[in-house]
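Chemist: Please see the structure below; I have some questions.
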Amino acid sequence: MKYVIAGLLAATVPAGTALADEWGYAGEGAPENWGALSPDFAVCSAGVQQSPVDLVPGIIADGVRPVLDFGDISGVEAERNAHGVTYHVPSGSAQLSLNGRNFDLLQFHFHAASEHWVEGQSYPLEVHFVTASEGDLAVVGVLFERGEAHATVETLWDAIGEPGDREEIDGTISLASLLPQDQAAFRYEGSLTTPPCSEIVSWTVFTTPLSVSDAQIDAFVETVGENARPPQPLNRRYVLLDN
């Protein structure tokens, strides 16, 4: 069975079903209504470890950030769907090591505006790298602020096709260029940021943003639309900070 992959998601809603297209970011399918759209989405409302969150100064904890093996990769495929653009990567092309476990990169995608906030501040763009290991997910988020244009982002935007398209990008993509050199990071336990909002995600969000130009931000919003879930209650969770 083919599954929808949108937002962060390896979701449990089959592509092509009416329900897969009902959730979104405005109107009756907006984030505040996700939990009522289907029993499968109930945790979107009832869960207590939902993502994203507003990241506040946390507990200092050295050595909790993941080790990333992200380099130049080829064979990346851009898939336009109802909720954004997913960039699929070949199996085994990049890995992440976290708490003694190895995770394989499945895909990455962008949200506008950022889903995670930092001390009450949102950013215009955020990328999520989705990695998996035996049913668990570890996702790395990188924030973008307004500034100079980003060359890799420009290449990725050029590959965005029409809804339903999935095409391979010519040449290589530098994943390392989408990571900050200063890898101080927030860590917390959370969920998918899209339905079904499963609480199976170990989150890492780097504290240092990269830059994109106003034109690049505008191009994404005009083509794809805004696709960010608002921050959710932190509840009793702790945010760790490895700096």
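Chain labels run A, B, ... following the order of the structure tokens; each chain numbers its residues from 1, and ligands are numbered from 1 in the order shown.
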Could the residues of stretch 118-187 of chain A that have an atom at most 12 Å from stretch 193-212 of chain A be listed as a Markdown table, each with its closest atom pair and the distance in Å to one decimal, counting only C-alpha atoms and ordered by chain and ascending residue number?
Modeler:
```
| residue | atom | partner | partner_atom | distance |
| --- | --- | --- | --- | --- |
| A:Val118 | CA | A:Thr207 | CA | 8.3 |
| A:Glu119 | CA | A:Thr207 | CA | 11.1 |
| A:Ser122 | CA | A:Pro209 | CA | 11.3 |
| A:Tyr123 | CA | A:Pro209 | CA | 8.8 |
| A:Pro124 | CA | A:Val212 | CA | 8.9 |
| A:Leu125 | CA | A:Val212 | CA | 8.3 |
| A:Glu126 | CA | A:Pro209 | CA | 9.0 |
| A:Val127 | CA | A:Val205 | CA | 9.8 |
| A:His128 | CA | A:Val205 | CA | 8.9 |
| A:Phe129 | CA | A:Thr204 | CA | 9.8 |
| A:Val130 | CA | A:Val201 | CA | 9.4 |
| A:Thr131 | CA | A:Val201 | CA | 9.6 |
| A:Ala132 | CA | A:Val201 | CA | 9.3 |
| A:Ser133 | CA | A:Val201 | CA | 10.8 |
| A:Glu134 | CA | A:Ile200 | CA | 11.2 |
| A:Gly135 | CA | A:Ile200 | CA | 8.3 |
| A:Asp136 | CA | A:Ile200 | CA | 5.8 |
| A:Leu137 | CA | A:Val201 | CA | 4.8 |
| A:Ala138 | CA | A:Ser202 | CA | 4.6 |
| A:Val139 | CA | A:Trp203 | CA | 5.2 |
| A:Val140 | CA | A:Thr204 | CA | 4.8 |
| A:Gly141 | CA | A:Val205 | CA | 4.5 |
| A:Val142 | CA | A:Phe206 | CA | 5.6 |
| A:Leu143 | CA | A:Pro209 | CA | 4.7 |
| A:Phe144 | CA | A:Leu210 | CA | 4.7 |
| A:Glu145 | CA | A:Ser211 | CA | 4.9 |
| A:Arg146 | CA | A:Val212 | CA | 5.4 |
| A:Gly147 | CA | A:Ser211 | CA | 5.1 |
| A:Glu148 | CA | A:Val212 | CA | 5.4 |
| A:Ala149 | CA | A:Val212 | CA | 4.6 |
| A:His150 | CA | A:Val212 | CA | 5.2 |
| A:Ala151 | CA | A:Val212 | CA | 8.9 |
| A:Thr152 | CA | A:Val212 | CA | 10.0 |
| A:Val153 | CA | A:Val212 | CA | 7.8 |
| A:Glu154 | CA | A:Val212 | CA | 9.2 |
| A:Trp157 | CA | A:Val212 | CA | 11.9 |
| A:Ala176 | CA | A:Leu210 | CA | 11.8 |
| A:Ser177 | CA | A:Leu210 | CA | 9.3 |
| A:Leu178 | CA | A:Leu210 | CA | 7.7 |
| A:Leu179 | CA | A:Leu210 | CA | 7.7 |
| A:Pro180 | CA | A:Thr208 | CA | 6.3 |
| A:Gln181 | CA | A:Thr208 | CA | 8.4 |
| A:Asp182 | CA | A:Thr208 | CA | 6.6 |
| A:Gln183 | CA | A:Phe206 | CA | 6.0 |
| A:Ala184 | CA | A:Thr207 | CA | 5.8 |
| A:Ala185 | CA | A:Phe206 | CA | 4.1 |
| A:Phe186 | CA | A:Val205 | CA | 5.2 |
| A:Arg187 | CA | A:Thr204 | CA | 4.7 |
```
Chemist: Residues of the last selection are to be written out with C-alpha atoms, as a PDB file, in the first residue's frame.
Modeler:
```pdb
ATOM      1  CA  VAL A 118      12.478  29.785  19.604  1.00  0.00           C
ATOM      2  CA  GLU A 119      11.534  31.805  22.687  1.00  0.00           C
ATOM      3  CA  SER A 122       9.012  32.215  14.456  1.00  0.00           C
ATOM      4  CA  TYR A 123      11.159  31.999  11.330  1.00  0.00           C
ATOM      5  CA  PRO A 124      10.079  32.193   7.691  1.00  0.00           C
ATOM      6  CA  LEU A 125      11.221  28.671   6.755  1.00  0.00           C
ATOM      7  CA  GLU A 126      12.237  25.347   8.306  1.00  0.00           C
ATOM      8  CA  VAL A 127      13.589  22.136   6.814  1.00  0.00           C
ATOM      9  CA  HIS A 128      12.978  18.717   8.371  1.00  0.00           C
ATOM     10  CA  PHE A 129      15.245  15.719   7.731  1.00  0.00           C
ATOM     11  CA  VAL A 130      13.254  12.567   8.470  1.00  0.00           C
ATOM     12  CA  THR A 131      15.234   9.474   9.504  1.00  0.00           C
ATOM     13  CA  ALA A 132      13.922   6.087  10.595  1.00  0.00           C
ATOM     14  CA  SER A 133      15.053   3.034  12.546  1.00  0.00           C
ATOM     15  CA  GLU A 134      12.794   0.055  13.253  1.00  0.00           C
ATOM     16  CA  GLY A 135       9.584   2.045  13.400  1.00  0.00           C
ATOM     17  CA  ASP A 136      10.988   5.014  15.314  1.00  0.00           C
ATOM     18  CA  LEU A 137      11.722   8.386  13.785  1.00  0.00           C
ATOM     19  CA  ALA A 138      14.455  10.912  14.511  1.00  0.00           C
ATOM     20  CA  VAL A 139      13.903  14.241  12.803  1.00  0.00           C
ATOM     21  CA  VAL A 140      16.375  17.105  12.475  1.00  0.00           C
ATOM     22  CA  GLY A 141      15.046  20.617  11.996  1.00  0.00           C
ATOM     23  CA  VAL A 142      16.978  23.607  10.650  1.00  0.00           C
ATOM     24  CA  LEU A 143      15.549  27.120  10.786  1.00  0.00           C
ATOM     25  CA  PHE A 144      16.057  29.787   8.134  1.00  0.00           C
ATOM     26  CA  GLU A 145      16.094  33.549   8.580  1.00  0.00           C
ATOM     27  CA  ARG A 146      15.829  36.278   5.958  1.00  0.00           C
ATOM     28  CA  GLY A 147      19.161  37.194   4.408  1.00  0.00           C
ATOM     29  CA  GLU A 148      21.314  36.026   1.523  1.00  0.00           C
ATOM     30  CA  ALA A 149      19.955  33.589  -1.037  1.00  0.00           C
ATOM     31  CA  HIS A 150      20.793  29.911  -0.457  1.00  0.00           C
ATOM     32  CA  ALA A 151      22.199  28.125  -3.512  1.00  0.00           C
ATOM     33  CA  THR A 152      20.981  24.631  -2.568  1.00  0.00           C
ATOM     34  CA  VAL A 153      17.513  25.929  -1.778  1.00  0.00           C
ATOM     35  CA  GLU A 154      17.409  27.515  -5.242  1.00  0.00           C
ATOM     36  CA  TRP A 157      12.924  25.066  -5.654  1.00  0.00           C
ATOM     37  CA  ALA A 176      25.727  19.453   4.414  1.00  0.00           C
ATOM     38  CA  SER A 177      24.936  22.905   2.991  1.00  0.00           C
ATOM     39  CA  LEU A 178      21.516  22.646   4.650  1.00  0.00           C
ATOM     40  CA  LEU A 179      23.084  22.241   8.103  1.00  0.00           C
ATOM     41  CA  PRO A 180      24.623  25.050  10.206  1.00  0.00           C
ATOM     42  CA  GLN A 181      28.318  24.857  11.023  1.00  0.00           C
ATOM     43  CA  ASP A 182      27.513  25.517  14.677  1.00  0.00           C
ATOM     44  CA  GLN A 183      25.509  22.443  15.603  1.00  0.00           C
ATOM     45  CA  ALA A 184      24.339  23.443  19.066  1.00  0.00           C
ATOM     46  CA  ALA A 185      20.863  22.003  19.268  1.00  0.00           C
ATOM     47  CA  PHE A 186      17.628  21.611  21.172  1.00  0.00           C
ATOM     48  CA  ARG A 187      16.437  18.049  21.855  1.00  0.00           C
TER      49      ARG A 187
END
```
Chemist: With DSSP run on the backbone, what are the alpha helix (DSSP H) residues within stretch 95-170 of chain A? I'd like them as a VMD selection string.
Modeler: chain A and resid 151 to 158
Chemist: Of the candidates A:Ile60, A:Ala26, A:Ala159, A:Val48, which shows the shortest atom-to-atom distance to A:Asp242, using only C-alpha atoms?
Modeler: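 The closest residue to A:Asp242 is A:Ile60.
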Chemist: With distances taken over only C-alpha atoms, which of A:Val76, A:Leu234, A:Leu68, A:Ala36 is nearest to A:Glu189?
Modeler: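 Of all the options, A:Leu234 lies closest to A:Glu189.
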Chemist: Please determine, counting only C-alpha atoms, which residue among A:Pro163, A:Asp54, A:Thr172, A:Asp40 has the shortest atom-to-atom distance to A:Ser93.
Modeler: A:Thr172
Chemist: Could you please determine the separation between atom CA of A:Pro66 and atom CA of A:Leu98 in Å, to one decimal place?
Modeler: 4.7 Å
